[in-house]
Amino acid sequence: MVKKILKSYDYTLIIAMVLLILFGLIMIYSASMVSAVQYYGEDSSDFFFKRQFKYILVAGIAFIVVAIFPYKALLSNKILVPMVFGSIMFLSGIFLFGSVYGNAQSWYKIGTASLQPAEFVKLAVIIYLSAIYSKKQSYINEFNRGVVPPLAYLVIVCALVTIQPDFGTAAIIFMIGATVILCSGMNWKNLSKLMLIGLSFLLLLVFIMQLAGKSIFTEKQMARIFVFLDSPFAEEVVQESGYHMSNSLIAIGSGGLKGVGLGQGVQKLGYLTDGHTDFIMAVIAEELGIFGVGFVVVGLSYIVLRGIYTGLKCKDPFGSLLAIGISSMIGIQAFINIGGVSGLIPLTGVPLPFISYGGSSLLQLSIGMGILVNVSMFVKYERVYKPKEEGVPDVPEQKQSTSTFVRPNRNF
């Protein structure tokens with residue numbers, strides 16, 4: 001039994017994750033040497049490297065525990081209820097006990113370390129919406145009973161994160177929730193109602209803010225949007241709101257095909273702020289060129305696509321939605337980080353999954369990957385070994401169902 005379970009794990013997912021984390025550790029050391037010396041002294045060039053290594057050890061233990069823990073146990077109200085109320089209290093408490101960094105009160109300071117609760121809320125949203133909508137499959141198209149109630153949690157956590165203010169993370173949480181809802185099996189009529197209600201609330205919010213003489217975005221956020229629409233190299237913004245973007249593009253342009261060499265980058269020497277966190281992809285592009293960038297993009301793409309494949313193959317609605325939600329979380333966050341660093345979209349302070357420095361992000365991603373690997377294990381076990389144990393002949397791969405959440409009855 002144990003041997004069959006071990007054979008059922010998707011080790012390609014685990015290898016892809018480990019390679020990205022180790023690659024990120026190397027690039028964190030390269031990108032943070034100057035910052036570490038500047039903040040912690042001449043003998044501390046490896047400060048961020050050592051700290052990230054400790055985070056990796058903790059995240060590795062969490063991954064193993066969660067990968068072994070049966071994901072279906074997350075359906076229990078003994079887990080869901082404390083998780084929902086705990087995450088709301090965790091986010092609310094930050095306004096009383098939180099620390100400010102980067103103009104946002106988003107962190108709990110614990111000794112020399114920091115904890116960002118919004119990172120873990122991403123996973124809580126996925127688990128909660130997946131569990132509730134999988135339980136409501138028999139009446140998923142009853143709008144007032146099957147669709148609306150779970151949305152209260154999503155609205156509350158998005159509001160709490162927005163007023164920190166951390167609009168980027170709130171947008172990611174909203175998009176993750178929207179992905180799970182889109183794949184939950186409800187028909188297009190209800191989806192259209194949700195989109196109309198959401199748009200109405202957004203317009204109402206903008207109208208109220210206008211009456212109050214305020215903008216829905218902060219000055220810093222508006223400046224980033226103007227830089228995106230205009231040019232980060234414009235004379236009036238290059239030393240102010242366009243500073244980060246212009247130096248990021250210089251780093252990317254300097255790398256070319258092969259890069260200037262590992263550790264030889266120039267932009268990290270005081271020009272590129274947070275080179276080991278939000279802008280680590282710019283450092284990778286400068287030092288390792290298109291090959292380094294390609295390695296990261298291919299690794300992240302494999303995890304996302306493999307996760308989606310797992311969701312499509314899973315016969316259990318809960319497992320299917322979990323796999324889709326976790327994959328979308330990684331994909332959305334990677335796109336926003338890489339898009340912001342390269343100028344494709346406005347800059348947002350979002351870490352690059354598995355690569356950027358940060359314990360909260362890495363721990364949350366490792367837990368998410370543990371759940372995803374656990375779901376993929378159950379999918380393979382039920383497809384390959386369970387029929388043999390029950391004496392059922394193998395079903396050809398092409399005749400198996402490919403989805404539990406894509407339904408043919410999406411009619412108005």
# chains A, B, ... in the order shown; residues from 1 in each chain; ligands from 1
$ residues_around --residues "A:Val155" --least-positions-apart "2" --cutoff "10 Å" --atoms "only C-alpha atoms" --output "list in words"
Pro150, Leu151, Ala152, Tyr153, Val157, Cys158, Ala159, Leu160, Ala170, Ile173, Phe174 and Gly177 of chain A
$ residues_around --residues "A:Gln105" --least-positions-apart "3" --cutoff "12 Å" --atoms "only C-alpha atoms" --output "PDB file with all heavy atoms, in the first residue's frame"
ATOM      1  N   LEU A  91      -5.657  39.162   9.599  1.00  0.00           N
ATOM      2  CA  LEU A  91      -5.579  40.359   8.761  1.00  0.00           C
ATOM      3  C   LEU A  91      -6.004  41.606   9.525  1.00  0.00           C
ATOM      4  O   LEU A  91      -5.419  42.682   9.353  1.00  0.00           O
ATOM      5  CB  LEU A  91      -6.460  40.189   7.516  1.00  0.00           C
ATOM      6  CG  LEU A  91      -5.928  39.316   6.389  1.00  0.00           C
ATOM      7  CD1 LEU A  91      -6.964  39.188   5.281  1.00  0.00           C
ATOM      8  CD2 LEU A  91      -4.627  39.876   5.813  1.00  0.00           C
ATOM      9  N   SER A  92      -7.023  41.480  10.362  1.00  0.00           N
ATOM     10  CA  SER A  92      -7.517  42.635  11.119  1.00  0.00           C
ATOM     11  C   SER A  92      -6.509  43.093  12.166  1.00  0.00           C
ATOM     12  O   SER A  92      -6.322  44.300  12.389  1.00  0.00           O
ATOM     13  CB  SER A  92      -8.845  42.287  11.802  1.00  0.00           C
ATOM     14  OG  SER A  92      -9.819  41.898  10.853  1.00  0.00           O
ATOM     15  N   GLY A  93      -5.851  42.137  12.796  1.00  0.00           N
ATOM     16  CA  GLY A  93      -4.900  42.462  13.847  1.00  0.00           C
ATOM     17  C   GLY A  93      -3.711  43.265  13.377  1.00  0.00           C
ATOM     18  O   GLY A  93      -3.041  43.933  14.164  1.00  0.00           O
ATOM     19  N   ILE A  94      -3.455  43.208  12.082  1.00  0.00           N
ATOM     20  CA  ILE A  94      -2.278  43.900  11.549  1.00  0.00           C
ATOM     21  C   ILE A  94      -2.412  45.413  11.672  1.00  0.00           C
ATOM     22  O   ILE A  94      -1.415  46.141  11.710  1.00  0.00           O
ATOM     23  CB  ILE A  94      -2.039  43.472  10.081  1.00  0.00           C
ATOM     24  CG1 ILE A  94      -0.556  43.598   9.747  1.00  0.00           C
ATOM     25  CG2 ILE A  94      -2.871  44.285   9.106  1.00  0.00           C
ATOM     26  CD1 ILE A  94      -0.143  42.877   8.500  1.00  0.00           C
ATOM     27  N   PHE A  95      -3.661  45.909  11.748  1.00  0.00           N
ATOM     28  CA  PHE A  95      -3.865  47.357  11.889  1.00  0.00           C
ATOM     29  C   PHE A  95      -3.553  47.831  13.307  1.00  0.00           C
ATOM     30  O   PHE A  95      -3.364  49.023  13.543  1.00  0.00           O
ATOM     31  CB  PHE A  95      -5.300  47.716  11.507  1.00  0.00           C
ATOM     32  CG  PHE A  95      -5.645  47.370  10.089  1.00  0.00           C
ATOM     33  CD1 PHE A  95      -6.487  46.305   9.800  1.00  0.00           C
ATOM     34  CD2 PHE A  95      -5.105  48.094   9.043  1.00  0.00           C
ATOM     35  CE1 PHE A  95      -6.788  45.968   8.491  1.00  0.00           C
ATOM     36  CE2 PHE A  95      -5.410  47.767   7.732  1.00  0.00           C
ATOM     37  CZ  PHE A  95      -6.250  46.707   7.455  1.00  0.00           C
ATOM     38  N   LEU A  96      -3.488  46.897  14.248  1.00  0.00           N
ATOM     39  CA  LEU A  96      -3.140  47.231  15.628  1.00  0.00           C
ATOM     40  C   LEU A  96      -1.686  46.903  15.954  1.00  0.00           C
ATOM     41  O   LEU A  96      -1.012  47.658  16.660  1.00  0.00           O
ATOM     42  CB  LEU A  96      -4.057  46.473  16.599  1.00  0.00           C
ATOM     43  CG  LEU A  96      -5.555  46.803  16.541  1.00  0.00           C
ATOM     44  CD1 LEU A  96      -6.324  45.864  17.466  1.00  0.00           C
ATOM     45  CD2 LEU A  96      -5.797  48.252  16.925  1.00  0.00           C
ATOM     46  N   PHE A  97      -1.207  45.784  15.418  1.00  0.00           N
ATOM     47  CA  PHE A  97       0.118  45.296  15.802  1.00  0.00           C
ATOM     48  C   PHE A  97       1.091  45.185  14.633  1.00  0.00           C
ATOM     49  O   PHE A  97       2.227  44.746  14.828  1.00  0.00           O
ATOM     50  CB  PHE A  97      -0.015  43.914  16.470  1.00  0.00           C
ATOM     51  CG  PHE A  97      -1.034  43.875  17.562  1.00  0.00           C
ATOM     52  CD1 PHE A  97      -2.251  43.232  17.376  1.00  0.00           C
ATOM     53  CD2 PHE A  97      -0.789  44.477  18.777  1.00  0.00           C
ATOM     54  CE1 PHE A  97      -3.200  43.178  18.377  1.00  0.00           C
ATOM     55  CE2 PHE A  97      -1.729  44.437  19.791  1.00  0.00           C
ATOM     56  CZ  PHE A  97      -2.938  43.795  19.598  1.00  0.00           C
ATOM     57  N   GLY A  98       0.655  45.555  13.431  1.00  0.00           N
ATOM     58  CA  GLY A  98       1.484  45.381  12.251  1.00  0.00           C
ATOM     59  C   GLY A  98       2.563  46.438  12.092  1.00  0.00           C
ATOM     60  O   GLY A  98       2.514  47.506  12.688  1.00  0.00           O
ATOM     61  N   SER A  99       3.557  46.109  11.272  1.00  0.00           N
ATOM     62  CA  SER A  99       4.651  47.027  10.953  1.00  0.00           C
ATOM     63  C   SER A  99       4.491  47.543   9.534  1.00  0.00           C
ATOM     64  O   SER A  99       3.942  46.856   8.661  1.00  0.00           O
ATOM     65  CB  SER A  99       6.005  46.316  11.090  1.00  0.00           C
ATOM     66  OG  SER A  99       6.194  45.844  12.406  1.00  0.00           O
ATOM     67  N   VAL A 100       4.978  48.749   9.302  1.00  0.00           N
ATOM     68  CA  VAL A 100       4.885  49.378   7.986  1.00  0.00           C
ATOM     69  C   VAL A 100       6.176  49.152   7.222  1.00  0.00           C
ATOM     70  O   VAL A 100       7.272  49.378   7.742  1.00  0.00           O
ATOM     71  CB  VAL A 100       4.614  50.887   8.110  1.00  0.00           C
ATOM     72  CG1 VAL A 100       4.575  51.539   6.728  1.00  0.00           C
ATOM     73  CG2 VAL A 100       3.308  51.127   8.837  1.00  0.00           C
ATOM     74  N   TYR A 101       6.039  48.691   5.980  1.00  0.00           N
ATOM     75  CA  TYR A 101       7.187  48.550   5.084  1.00  0.00           C
ATOM     76  C   TYR A 101       6.704  48.838   3.674  1.00  0.00           C
ATOM     77  O   TYR A 101       5.706  48.287   3.229  1.00  0.00           O
ATOM     78  CB  TYR A 101       7.785  47.134   5.149  1.00  0.00           C
ATOM     79  CG  TYR A 101       8.944  46.919   4.203  1.00  0.00           C
ATOM     80  CD1 TYR A 101      10.204  47.402   4.512  1.00  0.00           C
ATOM     81  CD2 TYR A 101       8.765  46.254   2.992  1.00  0.00           C
ATOM     82  CE1 TYR A 101      11.272  47.214   3.648  1.00  0.00           C
ATOM     83  CE2 TYR A 101       9.818  46.067   2.118  1.00  0.00           C
ATOM     84  CZ  TYR A 101      11.069  46.550   2.446  1.00  0.00           C
ATOM     85  OH  TYR A 101      12.114  46.382   1.576  1.00  0.00           O
ATOM     86  N   GLY A 102       7.402  49.706   2.965  1.00  0.00           N
ATOM     87  CA  GLY A 102       6.987  50.045   1.609  1.00  0.00           C
ATOM     88  C   GLY A 102       5.653  50.747   1.562  1.00  0.00           C
ATOM     89  O   GLY A 102       4.836  50.491   0.675  1.00  0.00           O
ATOM     90  N   TYR A 108       3.689  41.472  10.304  1.00  0.00           N
ATOM     91  CA  TYR A 108       3.896  41.295  11.735  1.00  0.00           C
ATOM     92  C   TYR A 108       5.397  41.127  11.973  1.00  0.00           C
ATOM     93  O   TYR A 108       6.039  40.286  11.329  1.00  0.00           O
ATOM     94  CB  TYR A 108       3.180  40.048  12.252  1.00  0.00           C
ATOM     95  CG  TYR A 108       1.687  40.201  12.401  1.00  0.00           C
ATOM     96  CD1 TYR A 108       0.818  39.540  11.530  1.00  0.00           C
ATOM     97  CD2 TYR A 108       1.144  40.969  13.421  1.00  0.00           C
ATOM     98  CE1 TYR A 108      -0.553  39.663  11.669  1.00  0.00           C
ATOM     99  CE2 TYR A 108      -0.226  41.090  13.572  1.00  0.00           C
ATOM    100  CZ  TYR A 108      -1.070  40.437  12.686  1.00  0.00           C
ATOM    101  OH  TYR A 108      -2.429  40.566  12.825  1.00  0.00           O
ATOM    102  N   LYS A 109       5.943  41.919  12.848  1.00  0.00           N
ATOM    103  CA  LYS A 109       7.357  41.805  13.181  1.00  0.00           C
ATOM    104  C   LYS A 109       7.523  40.811  14.308  1.00  0.00           C
ATOM    105  O   LYS A 109       6.961  40.977  15.400  1.00  0.00           O
ATOM    106  CB  LYS A 109       7.896  43.182  13.603  1.00  0.00           C
ATOM    107  CG  LYS A 109       9.412  43.280  13.635  1.00  0.00           C
ATOM    108  CD  LYS A 109      10.000  43.320  12.233  1.00  0.00           C
ATOM    109  CE  LYS A 109      11.512  43.556  12.290  1.00  0.00           C
ATOM    110  NZ  LYS A 109      12.104  43.529  10.950  1.00  0.00           N
ATOM    111  N   SER A 114       9.874  38.683   9.786  1.00  0.00           N
ATOM    112  CA  SER A 114       8.573  39.296   9.529  1.00  0.00           C
ATOM    113  C   SER A 114       7.639  38.258   8.923  1.00  0.00           C
ATOM    114  O   SER A 114       8.078  37.330   8.245  1.00  0.00           O
ATOM    115  CB  SER A 114       8.712  40.487   8.572  1.00  0.00           C
ATOM    116  OG  SER A 114       9.537  41.483   9.135  1.00  0.00           O
ATOM    117  N   LEU A 115       6.351  38.440   9.172  1.00  0.00           N
ATOM    118  CA  LEU A 115       5.333  37.528   8.645  1.00  0.00           C
ATOM    119  C   LEU A 115       4.257  38.346   7.949  1.00  0.00           C
ATOM    120  O   LEU A 115       3.723  39.295   8.519  1.00  0.00           O
ATOM    121  CB  LEU A 115       4.721  36.710   9.781  1.00  0.00           C
ATOM    122  CG  LEU A 115       3.713  35.622   9.384  1.00  0.00           C
ATOM    123  CD1 LEU A 115       4.432  34.491   8.659  1.00  0.00           C
ATOM    124  CD2 LEU A 115       3.009  35.077  10.619  1.00  0.00           C
ATOM    125  N   GLN A 116       3.953  37.987   6.707  1.00  0.00           N
ATOM    126  CA  GLN A 116       2.937  38.696   5.929  1.00  0.00           C
ATOM    127  C   GLN A 116       1.683  37.828   5.838  1.00  0.00           C
ATOM    128  O   GLN A 116       1.642  36.870   5.064  1.00  0.00           O
ATOM    129  CB  GLN A 116       3.453  39.032   4.534  1.00  0.00           C
ATOM    130  CG  GLN A 116       2.505  39.920   3.739  1.00  0.00           C
ATOM    131  CD  GLN A 116       3.061  40.296   2.375  1.00  0.00           C
ATOM    132  OE1 GLN A 116       4.031  39.718   1.903  1.00  0.00           O
ATOM    133  NE2 GLN A 116       2.440  41.276   1.735  1.00  0.00           N
ATOM    134  N   PRO A 117       0.638  38.140   6.603  1.00  0.00           N
ATOM    135  CA  PRO A 117      -0.557  37.279   6.631  1.00  0.00           C
ATOM    136  C   PRO A 117      -1.277  37.178   5.302  1.00  0.00           C
ATOM    137  O   PRO A 117      -1.905  36.159   5.014  1.00  0.00           O
ATOM    138  CB  PRO A 117      -1.437  37.952   7.693  1.00  0.00           C
ATOM    139  CG  PRO A 117      -0.934  39.350   7.811  1.00  0.00           C
ATOM    140  CD  PRO A 117       0.525  39.280   7.516  1.00  0.00           C
ATOM    141  N   ALA A 118      -1.203  38.226   4.463  1.00  0.00           N
ATOM    142  CA  ALA A 118      -1.917  38.202   3.187  1.00  0.00           C
ATOM    143  C   ALA A 118      -1.447  37.064   2.300  1.00  0.00           C
ATOM    144  O   ALA A 118      -2.216  36.546   1.480  1.00  0.00           O
ATOM    145  CB  ALA A 118      -1.743  39.540   2.467  1.00  0.00           C
ATOM    146  N   LEU A 160      -9.842  43.975   3.449  1.00  0.00           N
ATOM    147  CA  LEU A 160      -8.843  44.147   4.505  1.00  0.00           C
ATOM    148  C   LEU A 160      -7.439  44.323   3.942  1.00  0.00           C
ATOM    149  O   LEU A 160      -6.639  45.109   4.470  1.00  0.00           O
ATOM    150  CB  LEU A 160      -8.878  42.941   5.456  1.00  0.00           C
ATOM    151  CG  LEU A 160     -10.094  42.836   6.377  1.00  0.00           C
ATOM    152  CD1 LEU A 160     -10.091  41.506   7.128  1.00  0.00           C
ATOM    153  CD2 LEU A 160     -10.110  43.991   7.377  1.00  0.00           C
ATOM    154  N   VAL A 161      -7.119  43.603   2.872  1.00  0.00           N
ATOM    155  CA  VAL A 161      -5.795  43.729   2.253  1.00  0.00           C
ATOM    156  C   VAL A 161      -5.680  45.057   1.495  1.00  0.00           C
ATOM    157  O   VAL A 161      -4.631  45.709   1.513  1.00  0.00           O
ATOM    158  CB  VAL A 161      -5.519  42.543   1.305  1.00  0.00           C
ATOM    159  CG1 VAL A 161      -4.199  42.740   0.556  1.00  0.00           C
ATOM    160  CG2 VAL A 161      -5.486  41.234   2.088  1.00  0.00           C
ATOM    161  N   THR A 162      -6.768  45.482   0.862  1.00  0.00           N
ATOM    162  CA  THR A 162      -6.752  46.730   0.089  1.00  0.00           C
ATOM    163  C   THR A 162      -6.471  47.934   0.971  1.00  0.00           C
ATOM    164  O   THR A 162      -5.713  48.842   0.579  1.00  0.00           O
ATOM    165  CB  THR A 162      -8.092  46.928  -0.641  1.00  0.00           C
ATOM    166  OG1 THR A 162      -8.299  45.828  -1.546  1.00  0.00           O
ATOM    167  CG2 THR A 162      -8.094  48.225  -1.439  1.00  0.00           C
ATOM    168  N   ILE A 163      -7.056  47.975   2.167  1.00  0.00           N
ATOM    169  CA  ILE A 163      -6.904  49.159   3.008  1.00  0.00           C
ATOM    170  C   ILE A 163      -5.603  49.154   3.810  1.00  0.00           C
ATOM    171  O   ILE A 163      -5.357  50.067   4.600  1.00  0.00           O
ATOM    172  CB  ILE A 163      -8.100  49.317   3.977  1.00  0.00           C
ATOM    173  CG1 ILE A 163      -8.228  48.106   4.910  1.00  0.00           C
ATOM    174  CG2 ILE A 163      -9.386  49.525   3.207  1.00  0.00           C
ATOM    175  CD1 ILE A 163      -9.376  48.202   5.893  1.00  0.00           C
ATOM    176  N   GLN A 164      -4.710  48.176   3.578  1.00  0.00           N
ATOM    177  CA  GLN A 164      -3.427  48.184   4.284  1.00  0.00           C
ATOM    178  C   GLN A 164      -2.527  49.371   3.898  1.00  0.00           C
ATOM    179  O   GLN A 164      -1.805  49.842   4.808  1.00  0.00           O
ATOM    180  CB  GLN A 164      -2.704  46.848   4.062  1.00  0.00           C
ATOM    181  CG  GLN A 164      -3.356  45.684   4.776  1.00  0.00           C
ATOM    182  CD  GLN A 164      -2.635  44.370   4.527  1.00  0.00           C
ATOM    183  OE1 GLN A 164      -1.640  44.300   3.802  1.00  0.00           O
ATOM    184  NE2 GLN A 164      -3.134  43.297   5.123  1.00  0.00           N
ATOM    185  N   PRO A 165      -2.366  49.883   2.724  1.00  0.00           N
ATOM    186  CA  PRO A 165      -2.963  49.421   1.474  1.00  0.00           C
ATOM    187  C   PRO A 165      -1.986  48.526   0.693  1.00  0.00           C
ATOM    188  O   PRO A 165      -0.804  48.835   0.591  1.00  0.00           O
ATOM    189  CB  PRO A 165      -3.173  50.733   0.707  1.00  0.00           C
ATOM    190  CG  PRO A 165      -2.050  51.605   1.159  1.00  0.00           C
ATOM    191  CD  PRO A 165      -1.711  51.196   2.576  1.00  0.00           C
ATOM    192  N   ASP A 166      -2.513  47.409   0.179  1.00  0.00           N
ATOM    193  CA  ASP A 166      -1.730  46.511  -0.670  1.00  0.00           C
ATOM    194  C   ASP A 166      -2.638  46.078  -1.819  1.00  0.00           C
ATOM    195  O   ASP A 166      -3.177  44.967  -1.830  1.00  0.00           O
ATOM    196  CB  ASP A 166      -1.251  45.309   0.138  1.00  0.00           C
ATOM    197  CG  ASP A 166      -0.247  44.455  -0.623  1.00  0.00           C
ATOM    198  OD1 ASP A 166      -0.073  44.692  -1.832  1.00  0.00           O
ATOM    199  OD2 ASP A 166       0.352  43.554  -0.011  1.00  0.00           O
ATOM    200  N   PHE A 167      -2.805  46.997  -2.770  1.00  0.00           N
ATOM    201  CA  PHE A 167      -3.741  46.765  -3.865  1.00  0.00           C
ATOM    202  C   PHE A 167      -3.313  45.587  -4.736  1.00  0.00           C
ATOM    203  O   PHE A 167      -4.152  44.829  -5.227  1.00  0.00           O
ATOM    204  CB  PHE A 167      -3.857  48.028  -4.719  1.00  0.00           C
ATOM    205  CG  PHE A 167      -4.912  47.954  -5.784  1.00  0.00           C
ATOM    206  CD1 PHE A 167      -6.255  48.141  -5.480  1.00  0.00           C
ATOM    207  CD2 PHE A 167      -4.565  47.671  -7.100  1.00  0.00           C
ATOM    208  CE1 PHE A 167      -7.226  48.052  -6.462  1.00  0.00           C
ATOM    209  CE2 PHE A 167      -5.529  47.584  -8.093  1.00  0.00           C
ATOM    210  CZ  PHE A 167      -6.870  47.778  -7.761  1.00  0.00           C
TER     211      PHE A 167
END
$ atom_distance --atom1 "atom CA of A:Ile79" --atom2 "atom CA of A:Lys380"
25.7 Å
$ select_by_dssp --residues "stretch 85-306 of chain A" --states "alpha helix (DSSP H)" --output "ChimeraX atom specification"
/A:85-97,117-135,151-162,167-182,188-211,219-229,243-255,280-306
$ closest_residue --among "A:Val260, A:Ala323, A:Phe53, A:Leu74" --to "A:Gly292" --atoms "only C-alpha atoms"
A:Val260
$ closest_atom_pairs --of "stretch 333-372 of chain A" --to "stretch 42-52 of chain A" --cutoff "10 Å" --atoms "only C-alpha atoms" --output "JSON lines"
{"residue": "A:Ser356", "atom": "CA", "partner": "A:Gln52", "partner_atom": "CA", "distance": 9.4}
{"residue": "A:Tyr357", "atom": "CA", "partner": "A:Gln52", "partner_atom": "CA", "distance": 6.4}
{"residue": "A:Gly358", "atom": "CA", "partner": "A:Gln52", "partner_atom": "CA", "distance": 6.9}
{"residue": "A:Gly359", "atom": "CA", "partner": "A:Gln52", "partner_atom": "CA", "distance": 6.9}
{"residue": "A:Leu362", "atom": "CA", "partner": "A:Gln52", "partner_atom": "CA", "distance": 9.1}
$ closest_residue --among "A:Lys7, A:Lys193, A:Lys258, A:Lys72" --to "A:Ser320" --atoms "only C-alpha atoms"
A:Lys72
$ closest_residue --among "A:Ala113, A:Ile338, A:Leu365, A:Leu194" --to "A:Phe143" --atoms "only C-alpha atoms"
A:Leu194
